[in-house]
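Before any comments, here is the structure.
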Amino acid sequence: MSDNRGRGTGDNSGSAPYDFGGAWQPSEIEVARRIARKKRNRKNALIAALSSLLVLGTLLVVLVTSPGWITLRDTFFKWAYGFEVLPKIILGFGTNATLTLIAGTSVALLGLLIALIRTSRSPALTPFRFLATIYVDVFRGIPMLLVILLVGFGIPALQLKGVTNNVLILGTIAVIITYSAYVAEVIRSGILTVHPSQRAAARSLGLSHIQTLRHVVLPQALKRVTPPLLNDLVALIKDTGLISILGVTDAIRAAQIQTAKSFNYTPYVMAALVFLAVTIPLTRMTDRMLRNSLERQNAQGQA
Amino acid sequence: MSDNRGRGTGDNSGSAPYDFGGAWQPSEIEVARRIARKKRNRKNALIAALSSLLVLGTLLVVLVTSPGWITLRDTFFKWAYGFEVLPKIILGFGTNATLTLIAGTSVALLGLLIALIRTSRSPALTPFRFLATIYVDVFRGIPMLLVILLVGFGIPALQLKGVTNNVLILGTIAVIITYSAYVAEVIRSGILTVHPSQRAAARSLGLSHIQTLRHVVLPQALKRVTPPLLNDLVALIKDTGLISILGVTDAIRAAQIQTAKSFNYTPYVMAALVFLAVTIPLTRMTDRMLRNSLERQNAQGQA
Amino acid sequence: MNGPSMNGSGMSTPVLRVEKLRKSFGDEIVLQDITFSVPEHTATVFIGASGSGKSTLLRCINLLEQVDDGTIKLDGEDISAADVNPDEVRKKLGMVFQAFNLFPHMTVLENIILAPTRVQGIREEEAIAEAFKLLERFGLRDKADQYPDRLSGGQQQRVAIIRSLARNPRLLLLDEITSALDPVLVNEVLSTVRDLKGEGMTMVLATHEMGFAKQVANEVCFLHQGKILEWGPPEVILENPKLSETREFIKRVHDAGRL
Amino acid sequence: MNGPSMNGSGMSTPVLRVEKLRKSFGDEIVLQDITFSVPEHTATVFIGASGSGKSTLLRCINLLEQVDDGTIKLDGEDISAADVNPDEVRKKLGMVFQAFNLFPHMTVLENIILAPTRVQGIREEEAIAEAFKLLERFGLRDKADQYPDRLSGGQQQRVAIIRSLARNPRLLLLDEITSALDPVLVNEVLSTVRDLKGEGMTMVLATHEMGFAKQVANEVCFLHQGKILEWGPPEVILENPKLSETREFIKRVHDAGRL
Amino acid sequence: SSSDEGGSASGDTTTCSPDSLQTVEAGVLTIATGEPAYYPWVIDDAPESGEGFEAAVAYAVAAQLGYDQSAVKWVRTTFDAAIAPGPKTFDFNLQQYSITDERKQVVDFSSPYYTSNQAIVSFKGSKIEGVTTLQGLKDAGAKLGAAVSTTSLDVIETNLGLKASVFNDNAAAVTALKNKQIDGLVVDLPTAFYLSAVEVPNGIIVGQIDGSDAGDQGFGLLLSKDNPITSCVSQAVDAIRDNGTLASITAQWLADSAGAPVLN
Ligand SMILES: Nc1ncnc2c1ncn2[C@@H]1O[C@H](COP(=O)(O)OP(=O)(O)OP(=O)(O)O)[C@@H](O)[C@H]1O
Ligand SMILES: Nc1ncnc2c1ncn2[C@@H]1O[C@H](COP(=O)(O)OP(=O)(O)OP(=O)(O)O)[C@@H](O)[C@H]1O
Ligand SMILES: [Mg+2]
Ligand SMILES: [Mg+2]
């Protein structure tokens, strides 16, 4: 659409320069104020940056000049060796990634279900609420290691017909059991923060209980708990590796195997880098989305 | 205060039976309605309870009648053996408990600080905000195992003067580093859910930034994220045990040692029971407090 | 005593019939012995001091609160019965809240079309077209894609009104819909409500706006400490009330410069 | 043009002096070329349609929004300058929000005594005693230990007013403090505000309540699409405005049954 | 039961005496092992008793260096603590550490005190029962497991070219074997005898893997890198090997490796 066509139509009425007779120019006072503000901010930011750099720099110097630095470097940061073992670690990371995808989805669904049961108020659901509470308390409270052992080694020991003894499947189930307890609590806290008047409004509009959850409560609840949910996702990526006790090799186990061979810890560092290569972009992306949506929604930003 | 004294004074004006001429009696319709409601609720609850019992019962029967049940029982639930090793596990739990207390407090403080920096909006704090973001991303993303190895083995390797090489202290520091990244994110999400208008109101009343945080923002924020914070506390109790790779014996490590000796997993189950004995009462208590305070605050409860 | 709108006998079933309703919060009795009817195509307006129980009464009718006693009948059906499905009931009721209760995560437009598309199953394009008509009428066309938090108080209230109007309910419950509006918009809303009445809508309103009461009400009920103290046509209650409490209230309203 | 309250010359420094203030949100210009003064012991009332920018103006004065241009002076000091500490400024300002903004995690009493005890350093017992006096005056004595969510709309607004009064500010900013009140309470609040003025309080108000404007205002400013179109003593603006926009607005207010 | 006189005749003891050795704790020899320490390397997880192969070796080396039994102090370490950089809490550590050139870059090893083949433990009726060649294992598509931080793992991958299931410890591996989640478990031969006899129901040793000791140079005592006492400790190990002490300890605690067929 060309400039000329837009003129004079109602569509264009929001465009400030047209409405208010020529583009607005900030006054001298405002210009001075902005410069002063920018200057002060820049100065403070500079002080903050310098002081952080100073602290970090000092730490770095202490580190590098310490008597044991060479030993430490050779033990933890022997890059040549690290790159040598990297392929094995990345191969192991395949396990983490696959399990995270599978377990992640199931954890989200099961966690959501448990959270919904726990936050329900109908007296008819009391027994389910009770069970859900026990579920969360127990599976959150016992070491995941034990859950994995019980499911991964215990179920095959039962020798039930038609039940798998595939460690990958059983291990994934164990991970799902544990993490859904955690995630249920996170989602629950999100649901609790949605003010009851929001439900009241939705129900008054004729939305059913489910529709209210789906369109009004959960969108708000989940947005609010995105950071802790991300916590759990990142932890999940790492913890899927716990099923290595069943004999599956994940990134950390791959690193451990290498370390056991060479007595050098660089493989662990490589594993960490592989994890970070996935989790940091994920976190940054989610964070940006969250911030944008909060900024769009909330006025009164700067107080 | 006796009944008579109260009469006629303003203090007593809220007492319903007096004001409205004799105690109120529900009408027949209301009585019938309550009975119907109670009946229906009871019926539904009964159905729910029975169906859950049925499912659980079936599972139990399948479990107990399976060909491998005896093996499984002897491997995981050999109670006599369990009680034999229990003292050692409880001793190991001392490590978990101590570390949790020390690390827990530090994690709370450090996590809070990082969350506050990350949610600050002043341009002057940009460098700190940047650092805080990196801190969270990195220490949340790398396996705690590596942090423990780096701090617990790396720092002594540096042979710095005046720096401890006590594994307990170093291990605790490693735990604090990792968990404060998690907790910071949880608290941050809580802070983000407090509507900006609350800050605006507090600042308008003349409260400083710090006072606003202390009296208005944080009390609301922390209450909202109590469930995920509890998640992290429970996980912390268990994960403090990770420093056992440094050579400290915690409850899980104690169980592992026993299991490695006997090739029997009952010690793990005992360890889990010890954890549950602490975490469940903790969770129940916090939950009750949370519910009470929510109920006091929020009207429009039942919609 | 039959309560408001039951003076004449042999009338057809009223849309709403509330009988001996009672509601308390803990020790505090908020509503007591509330009995009234709202015949079809009429508007009943509740007036009364702050805290007298107006909002609570509307919430009870909407089944958002469980009553302690009494019955509520909608088109003759007892909706306070134990086995009633509130969802079905609420499909027939529209409500605007005193505190707007807009959905902060949805734009203005999304707020408005949620119920039509989800509850009534209207096609989205249709619902949007309908919504824009209403937005236009209330001068909010250019705010359709804004989030509620960015609107002024009056704009938010208008959106809430539009949201409830978009549903064509059998009975409309309006809780102080004009309180955040500027006088010009009060007029606008007033005429909208009048139009609605003209189209046959049945309404229950709570308001502090006596002018509003006067122009819209078929019957005005004066709520005082949880009881309906006096009721009747607006001319009577607002200009010639019998009880001293009512007189006192009306007098102070006049003093406040309203009407 | 000097704007409202600058017609006389040689007067002592006004408490508030706003000059050429401009504020926009994204593309939307909300306030433009706003210039006015509030001399000591006077009340300036802003009227205007919903969305005309009244709340935004008060928020700017309170430094809750950063202005795009123009200056704001409090007692001659430029509080819009870059190096001003907003906390120090806000200690001299009281504000009641249109949406109350009570603290939901505190009881009514705690809401009220927060600022006196924390900001002004008044002893807790004293602050409580003071709070109870105000609660009594507004008929909320028995709600002291309730949480805000359990109060009716009018009760919440009264608590918000009490909260701001408990601070003895130099300048009071009141944003539609009567909108959720019933007419009787409007009277009560009106007389409170009058009393405050009698005690020498300087005030800026935004209101839809013309009666309120008439009785309290030393000067009324008519805000229209972000500009002060017309200003003057209430008798003039409310009864004999010059501009057609103002006349139109006032006429419709009258039609709405207010004043 | 450790020999006390055997090595004192060696001429090197003048430089390698408790007075001159720079041990962690002066006058005391601090020896580390794992927790728990396994049969038959240590009996009943009690190295102080001197019972079990490694316990006996430890006391023999100590005696050779001139420490009497009361001057020996036992500590426990995890695998990670044993190989960590920085100061160590022990003078030497023995828990079946295989000597490899790679590891020697990080820690010191004494000369080896035991060399054995790796062996495969399985159960009667498994799909690798009766397999007699390495190729046979491959053909059967055997799923073999091993504990992490052992060289058994290497053997599976290099000597057999199979993909290993790696477990935290033998306990987990045995459980997997019992559950038939793996077909066989690779461990050093002495452990294989123990596991097949005691821990695995119907356990069998499929066979030793020929040449599986070639990749490494046997088990050595582990010391921190560039430890001044390494040569003395090595000499002591050599001395007890030369004077027959080691052979008699081996005979006393370890089964005869001839009992297991060799897989080529
Ligand atoms: N959930 C609750 N718990 C306790 N008390 C409540 C609750 N909800 C309302 N109340 C009390 O009930 C009384 C009536 O409240 P309601 O909101 O119905 O008044 P109202 O007539 O609508 O007043 P207003 O005109 O100020 O809106 C008030 O005193 C209020 O404090
Ligand atoms: N944070 C924001 N982002 C974008 N637009 C905003 C924001 N805050 C306010 N506005 C817009 O600015 C205009 C003025 O709003 P303001 O709240 O000042 O009006 P008002 O005069 O107080 O109206 P009312 O009488 O309805 O309260 C409105 O059109 C509103 O949509
Ligand atoms: Mg109300
Ligand atoms: Mg406003």
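Following the order of the structure tokens, chains are lettered A, B, ..., residues in each are numbered from 1, and ligands are numbered from 1.
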Q) Which residues, written as a list in words, have at least one atom at most 10 Å from D:Phe212, with only C-alpha atoms counted and residues fewer than 2 positions away on the same chain left out? A) Ala256 and Gly257 of chain C; Val45, Thr178, Val186, Asn187, Val189, Leu190, Ser191, Val193, Arg194, Leu205, Thr207, His208, Glu209, Met210, Lys214, Gln215, Val216, Ala217 and Leu259 of chain D
Determine, using only C-alpha atoms and all ligand atoms, which residues of chain C have any atom at most 8 Å from an atom of ligand 2, and tabulate each with its shortest atom pair and distance in Å to one decimal place, rows ordered by chain and then rising number, as a Markdown table.
| residue | atom | partner | partner_atom_place_in_ligand_line | distance |
| --- | --- | --- | --- | --- |
| C:Lys143 | CA | ligand 2 | 31 (O) | 7.2 |
| C:Gln146 | CA | ligand 2 | 4 (C) | 7.9 |
| C:Asp149 | CA | ligand 2 | 1 (N) | 7.1 |
| C:Arg150 | CA | ligand 2 | 7 (C) | 4.1 |
| C:Leu151 | CA | ligand 2 | 31 (O) | 3.8 |
| C:Ser152 | CA | ligand 2 | 17 (O) | 3.5 |
| C:Gly153 | CA | ligand 2 | 27 (O) | 4.0 |
| C:Gly154 | CA | ligand 2 | 26 (O) | 3.2 |
| C:Gln155 | CA | ligand 2 | 26 (O) | 5.3 |
| C:Gln156 | CA | ligand 2 | 26 (O) | 7.6 |
| C:Ala180 | CA | ligand 2 | 26 (O) | 6.8 |
| C:Leu181 | CA | ligand 2 | 26 (O) | 6.2 |
| C:Asp182 | CA | ligand 2 | 25 (O) | 5.9 |
Show me, as JSON lines, the residues of chain D having an atom within 7 Å of ligand 4, each with the closest atom pair and its distance in Å, using only C-alpha atoms and all ligand atoms.
{"residue": "D:Ser50", "atom": "CA", "partner": "ligand 4", "partner_atom_place_in_ligand_line": "1 (Mg)", "distance": 6.9}
{"residue": "D:Gly51", "atom": "CA", "partner": "ligand 4", "partner_atom_place_in_ligand_line": "1 (Mg)", "distance": 6.9}
{"residue": "D:Gly53", "atom": "CA", "partner": "ligand 4", "partner_atom_place_in_ligand_line": "1 (Mg)", "distance": 6.9}
{"residue": "D:Lys54", "atom": "CA", "partner": "ligand 4", "partner_atom_place_in_ligand_line": "1 (Mg)", "distance": 5.5}
{"residue": "D:Ser55", "atom": "CA", "partner": "ligand 4", "partner_atom_place_in_ligand_line": "1 (Mg)", "distance": 4.0}
{"residue": "D:Gln98", "atom": "CA", "partner": "ligand 4", "partner_atom_place_in_ligand_line": "1 (Mg)", "distance": 6.2}
{"residue": "D:Asp175", "atom": "CA", "partner": "ligand 4", "partner_atom_place_in_ligand_line": "1 (Mg)", "distance": 6.7}
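With only C-alpha atoms and all ligand atoms as the atoms that count, the minimum distance from ligand 1 to the choices B:Arg296, B:Lys39, B:Lys238, B:Arg118 is reached by B:Arg296.
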Q) Which is closer to ligand 3 than all the others in C:Val38, C:Ala129, C:Val220, C:Ile47, using only C-alpha atoms and all ligand atoms? A) C:Ile47
Q: Would you list the contacts of A:Val138 as a ChimeraX atom specification, taking every protein, DNA or RNA residue within 10 Å and counting only C-alpha atoms, but skipping same-chain residues closer than 5 positions in sequence?
A: /A:132-133,143,178,181 /B:272-273,275-276,279-280
Long-range neighbours of A:Gly154 as a tab-separated table (two decimals) with N, CA and C atoms, in the first residue's frame, 9 Å cut-off, only C-alpha atoms, 3 positions minimum in chain:
chain	number	residue	atom	x	y	z
A	148	ILE	N	14.51	-46.20	39.71
A	148	ILE	CA	15.04	-46.82	38.50
A	148	ILE	C	15.41	-48.28	38.77
A	149	LEU	N	16.03	-48.53	39.89
A	149	LEU	CA	16.39	-49.91	40.23
A	149	LEU	C	15.14	-50.77	40.36
A	150	LEU	N	14.15	-50.24	41.08
A	150	LEU	CA	12.93	-51.02	41.31
A	150	LEU	C	12.22	-51.33	40.01
A	151	VAL	N	12.11	-50.33	39.16
A	151	VAL	CA	11.39	-50.54	37.90
A	151	VAL	C	12.28	-51.32	36.92
A	157	ALA	N	12.46	-58.92	37.17
A	157	ALA	CA	12.60	-60.00	38.14
A	157	ALA	C	11.28	-60.70	38.40
A	158	LEU	N	10.16	-59.98	38.16
A	158	LEU	CA	8.85	-60.58	38.40
A	158	LEU	C	8.53	-61.66	37.36
B	72	LEU	N	11.90	-60.99	43.91
B	72	LEU	CA	11.86	-59.55	44.03
B	72	LEU	C	11.81	-59.15	45.50
B	75	THR	N	14.99	-59.51	47.12
B	75	THR	CA	16.03	-58.59	46.64
B	75	THR	C	15.82	-57.17	47.15
B	76	PHE	N	14.56	-56.75	47.18
B	76	PHE	CA	14.30	-55.35	47.53
B	76	PHE	C	13.71	-55.17	48.93
E	179	ASN	N	18.26	-61.00	35.70
E	179	ASN	CA	17.04	-60.64	35.00
E	179	ASN	C	17.10	-61.00	33.53
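The spacing separating atom CA of B:Leu131 from atom CA of B:Ser208 amounts to 24.9 Å.
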Please check the contacts: residues of chain D at most 6 Å away from chain B, using only C-alpha atoms, listed as a PDB file with all heavy atoms, in the first residue's frame.
ATOM      1  N   ASP D  87      12.151   7.950  45.424  1.00  0.00           N
ATOM      2  CA  ASP D  87      11.692   7.622  46.779  1.00  0.00           C
ATOM      3  C   ASP D  87      11.482   8.873  47.606  1.00  0.00           C
ATOM      4  O   ASP D  87      10.481   8.992  48.330  1.00  0.00           O
ATOM      5  CB  ASP D  87      12.710   6.719  47.481  1.00  0.00           C
ATOM      6  CG  ASP D  87      12.672   5.325  46.936  1.00  0.00           C
ATOM      7  OD1 ASP D  87      11.685   4.997  46.269  1.00  0.00           O
ATOM      8  OD2 ASP D  87      13.629   4.570  47.178  1.00  0.00           O
ATOM      9  N   ARG D  90       8.389  10.650  46.396  1.00  0.00           N
ATOM     10  CA  ARG D  90       7.124   9.991  46.720  1.00  0.00           C
ATOM     11  C   ARG D  90       6.777  10.079  48.187  1.00  0.00           C
ATOM     12  O   ARG D  90       5.629   9.907  48.572  1.00  0.00           O
ATOM     13  CB  ARG D  90       7.185   8.524  46.286  1.00  0.00           C
ATOM     14  CG  ARG D  90       7.239   8.377  44.783  1.00  0.00           C
ATOM     15  CD  ARG D  90       6.895   6.988  44.342  1.00  0.00           C
ATOM     16  NE  ARG D  90       7.261   6.790  42.934  1.00  0.00           N
ATOM     17  CZ  ARG D  90       8.256   6.024  42.531  1.00  0.00           C
ATOM     18  NH1 ARG D  90       8.978   5.350  43.429  1.00  0.00           N
ATOM     19  NH2 ARG D  90       8.533   5.905  41.259  1.00  0.00           N
ATOM     20  N   LYS D  91       7.788  10.329  49.018  1.00  0.00           N
ATOM     21  CA  LYS D  91       7.485  10.524  50.438  1.00  0.00           C
ATOM     22  C   LYS D  91       6.587  11.732  50.635  1.00  0.00           C
ATOM     23  O   LYS D  91       5.862  11.815  51.610  1.00  0.00           O
ATOM     24  CB  LYS D  91       8.788  10.703  51.227  1.00  0.00           C
ATOM     25  CG  LYS D  91       9.422   9.378  51.596  1.00  0.00           C
ATOM     26  CD  LYS D  91      10.621   9.540  52.482  1.00  0.00           C
ATOM     27  CE  LYS D  91      11.333   8.193  52.593  1.00  0.00           C
ATOM     28  NZ  LYS D  91      12.748   8.353  52.941  1.00  0.00           N
ATOM     29  N   ALA D 115       2.944   1.928  55.527  1.00  0.00           N
ATOM     30  CA  ALA D 115       3.731   3.122  55.215  1.00  0.00           C
ATOM     31  C   ALA D 115       4.069   3.933  56.470  1.00  0.00           C
ATOM     32  O   ALA D 115       5.219   4.306  56.666  1.00  0.00           O
ATOM     33  CB  ALA D 115       3.011   3.977  54.186  1.00  0.00           C
ATOM     34  N   TYR D 147      -8.856  -9.799  55.180  1.00  0.00           N
ATOM     35  CA  TYR D 147      -8.001  -9.592  54.015  1.00  0.00           C
ATOM     36  C   TYR D 147      -8.827  -8.898  52.928  1.00  0.00           C
ATOM     37  O   TYR D 147     -10.040  -9.123  52.838  1.00  0.00           O
ATOM     38  CB  TYR D 147      -7.468 -10.939  53.521  1.00  0.00           C
ATOM     39  CG  TYR D 147      -6.377 -11.467  54.419  1.00  0.00           C
ATOM     40  CD1 TYR D 147      -6.674 -12.225  55.542  1.00  0.00           C
ATOM     41  CD2 TYR D 147      -5.050 -11.157  54.159  1.00  0.00           C
ATOM     42  CE1 TYR D 147      -5.674 -12.679  56.390  1.00  0.00           C
ATOM     43  CE2 TYR D 147      -4.041 -11.606  54.997  1.00  0.00           C
ATOM     44  CZ  TYR D 147      -4.363 -12.362  56.108  1.00  0.00           C
ATOM     45  OH  TYR D 147      -3.360 -12.789  56.926  1.00  0.00           O
ATOM     46  N   ASP D 149      -9.457  -9.212  49.872  1.00  0.00           N
ATOM     47  CA  ASP D 149     -10.259 -10.005  48.967  1.00  0.00           C
ATOM     48  C   ASP D 149     -11.655 -10.291  49.497  1.00  0.00           C
ATOM     49  O   ASP D 149     -12.556 -10.599  48.735  1.00  0.00           O
ATOM     50  CB  ASP D 149      -9.548 -11.333  48.726  1.00  0.00           C
ATOM     51  CG  ASP D 149      -9.531 -11.671  47.262  1.00  0.00           C
ATOM     52  OD1 ASP D 149      -9.477 -10.732  46.457  1.00  0.00           O
ATOM     53  OD2 ASP D 149      -9.587 -12.861  46.933  1.00  0.00           O
ATOM     54  N   ARG D 150     -11.811 -10.215  50.792  1.00  0.00           N
ATOM     55  CA  ARG D 150     -13.107 -10.531  51.393  1.00  0.00           C
ATOM     56  C   ARG D 150     -14.003  -9.314  51.537  1.00  0.00           C
ATOM     57  O   ARG D 150     -15.076  -9.404  52.111  1.00  0.00           O
ATOM     58  CB  ARG D 150     -12.876 -11.113  52.798  1.00  0.00           C
ATOM     59  CG  ARG D 150     -11.950 -12.289  52.773  1.00  0.00           C
ATOM     60  CD  ARG D 150     -12.649 -13.419  53.402  1.00  0.00           C
ATOM     61  NE  ARG D 150     -12.125 -14.647  52.895  1.00  0.00           N
ATOM     62  CZ  ARG D 150     -12.069 -15.753  53.603  1.00  0.00           C
ATOM     63  NH1 ARG D 150     -12.496 -15.768  54.849  1.00  0.00           N
ATOM     64  NH2 ARG D 150     -11.611 -16.856  53.076  1.00  0.00           N
TER      65      ARG D 150
END
Q: Write out as a list in words which residues come within 12 Å of E:Asp238 when counting only C-alpha atoms, dropping same-chain ones fewer than 4 positions away.
A: Gly7, Ser10, Asp12, Val57, Ala60, Val61, Gln64, Leu65, Ser110, Ser111, Pro112, Tyr113, Tyr114, Gly220, Leu221, Ser231, Cys232, Val233, Ser234, Asp242, Asn243, Gly244, Thr245, Leu246 and Ala247 of chain E
Output for the residues just chosen: N, CA and C atoms as a PDB file, in the first residue's frame:
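out-v1.pdb was written with the following content:
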ATOM      1  N   GLY E   7      61.270 -60.378  53.093  1.00  0.00           N
ATOM      2  CA  GLY E   7      61.960 -59.395  52.266  1.00  0.00           C
ATOM      3  C   GLY E   7      63.028 -58.622  52.977  1.00  0.00           C
ATOM      4  N   SER E  10      66.588 -58.020  51.554  1.00  0.00           N
ATOM      5  CA  SER E  10      66.897 -57.201  50.381  1.00  0.00           C
ATOM      6  C   SER E  10      67.755 -56.000  50.759  1.00  0.00           C
ATOM      7  N   ASP E  12      67.986 -53.063  49.402  1.00  0.00           N
ATOM      8  CA  ASP E  12      67.456 -51.712  49.194  1.00  0.00           C
ATOM      9  C   ASP E  12      66.758 -51.129  50.413  1.00  0.00           C
ATOM     10  N   VAL E  57      48.538 -58.935  50.144  1.00  0.00           N
ATOM     11  CA  VAL E  57      49.592 -58.268  49.366  1.00  0.00           C
ATOM     12  C   VAL E  57      49.991 -56.972  50.064  1.00  0.00           C
ATOM     13  N   ALA E  60      52.109 -57.613  52.965  1.00  0.00           N
ATOM     14  CA  ALA E  60      53.411 -58.121  52.544  1.00  0.00           C
ATOM     15  C   ALA E  60      54.304 -56.980  52.075  1.00  0.00           C
ATOM     16  N   VAL E  61      53.709 -56.061  51.283  1.00  0.00           N
ATOM     17  CA  VAL E  61      54.475 -54.905  50.804  1.00  0.00           C
ATOM     18  C   VAL E  61      54.899 -54.049  51.991  1.00  0.00           C
ATOM     19  N   GLN E  64      57.671 -55.588  53.706  1.00  0.00           N
ATOM     20  CA  GLN E  64      58.871 -55.472  52.890  1.00  0.00           C
ATOM     21  C   GLN E  64      59.511 -54.095  53.062  1.00  0.00           C
ATOM     22  N   LEU E  65      58.626 -53.085  53.233  1.00  0.00           N
ATOM     23  CA  LEU E  65      59.130 -51.726  53.402  1.00  0.00           C
ATOM     24  C   LEU E  65      59.571 -51.454  54.834  1.00  0.00           C
ATOM     25  N   SER E 110      52.888 -49.042  40.868  1.00  0.00           N
ATOM     26  CA  SER E 110      53.993 -49.940  41.214  1.00  0.00           C
ATOM     27  C   SER E 110      54.078 -50.985  40.108  1.00  0.00           C
ATOM     28  N   SER E 111      55.063 -51.835  40.173  1.00  0.00           N
ATOM     29  CA  SER E 111      55.045 -52.958  39.249  1.00  0.00           C
ATOM     30  C   SER E 111      53.886 -53.866  39.637  1.00  0.00           C
ATOM     31  N   PRO E 112      53.370 -54.648  38.689  1.00  0.00           N
ATOM     32  CA  PRO E 112      52.122 -55.380  38.924  1.00  0.00           C
ATOM     33  C   PRO E 112      52.242 -56.456  40.004  1.00  0.00           C
ATOM     34  N   TYR E 113      51.157 -56.613  40.772  1.00  0.00           N
ATOM     35  CA  TYR E 113      51.139 -57.673  41.771  1.00  0.00           C
ATOM     36  C   TYR E 113      50.251 -58.827  41.354  1.00  0.00           C
ATOM     37  N   TYR E 114      49.526 -58.651  40.246  1.00  0.00           N
ATOM     38  CA  TYR E 114      48.696 -59.757  39.784  1.00  0.00           C
ATOM     39  C   TYR E 114      48.362 -59.544  38.322  1.00  0.00           C
ATOM     40  N   GLY E 220      48.234 -52.956  39.530  1.00  0.00           N
ATOM     41  CA  GLY E 220      49.344 -52.340  40.242  1.00  0.00           C
ATOM     42  C   GLY E 220      48.832 -51.534  41.419  1.00  0.00           C
ATOM     43  N   LEU E 221      49.757 -51.218  42.320  1.00  0.00           N
ATOM     44  CA  LEU E 221      49.400 -50.327  43.413  1.00  0.00           C
ATOM     45  C   LEU E 221      49.406 -48.909  42.852  1.00  0.00           C
ATOM     46  N   SER E 231      59.225 -45.762  43.713  1.00  0.00           N
ATOM     47  CA  SER E 231      60.246 -46.763  43.392  1.00  0.00           C
ATOM     48  C   SER E 231      60.424 -47.747  44.536  1.00  0.00           C
ATOM     49  N   CYS E 232      60.387 -47.258  45.757  1.00  0.00           N
ATOM     50  CA  CYS E 232      60.497 -48.160  46.908  1.00  0.00           C
ATOM     51  C   CYS E 232      59.357 -49.162  46.918  1.00  0.00           C
ATOM     52  N   VAL E 233      58.123 -48.656  46.647  1.00  0.00           N
ATOM     53  CA  VAL E 233      56.962 -49.546  46.658  1.00  0.00           C
ATOM     54  C   VAL E 233      57.105 -50.579  45.552  1.00  0.00           C
ATOM     55  N   SER E 234      57.549 -50.122  44.385  1.00  0.00           N
ATOM     56  CA  SER E 234      57.751 -51.042  43.274  1.00  0.00           C
ATOM     57  C   SER E 234      58.784 -52.106  43.618  1.00  0.00           C
ATOM     58  N   ASP E 242      59.722 -61.936  43.824  1.00  0.00           N
ATOM     59  CA  ASP E 242      60.934 -62.719  43.655  1.00  0.00           C
ATOM     60  C   ASP E 242      61.117 -63.750  44.761  1.00  0.00           C
ATOM     61  N   ASN E 243      60.755 -63.367  45.966  1.00  0.00           N
ATOM     62  CA  ASN E 243      61.002 -64.324  47.045  1.00  0.00           C
ATOM     63  C   ASN E 243      59.865 -65.325  47.248  1.00  0.00           C
ATOM     64  N   GLY E 244      58.841 -65.292  46.358  1.00  0.00           N
ATOM     65  CA  GLY E 244      57.808 -66.327  46.419  1.00  0.00           C
ATOM     66  C   GLY E 244      56.633 -65.996  47.319  1.00  0.00           C
ATOM     67  N   THR E 245      56.738 -64.903  48.045  1.00  0.00           N
ATOM     68  CA  THR E 245      55.617 -64.537  48.918  1.00  0.00           C
ATOM     69  C   THR E 245      54.340 -64.351  48.118  1.00  0.00           C
ATOM     70  N   LEU E 246      54.481 -63.628  47.006  1.00  0.00           N
ATOM     71  CA  LEU E 246      53.313 -63.331  46.189  1.00  0.00           C
ATOM     72  C   LEU E 246      52.652 -64.600  45.670  1.00  0.00           C
ATOM     73  N   ALA E 247      53.485 -65.526  45.249  1.00  0.00           N
ATOM     74  CA  ALA E 247      52.954 -66.784  44.733  1.00  0.00           C
ATOM     75  C   ALA E 247      52.171 -67.511  45.809  1.00  0.00           C
TER      76      ALA E 247
END
Q) Where does DSSP see helix (DSSP H, G or I) in stretch 73-254 of chain D, if you list the residues as a ChimeraX atom specification? A) /D:86-90,108-118,124-137,141-143,148-150,153-165,183-198,210-216,234-239,244-254
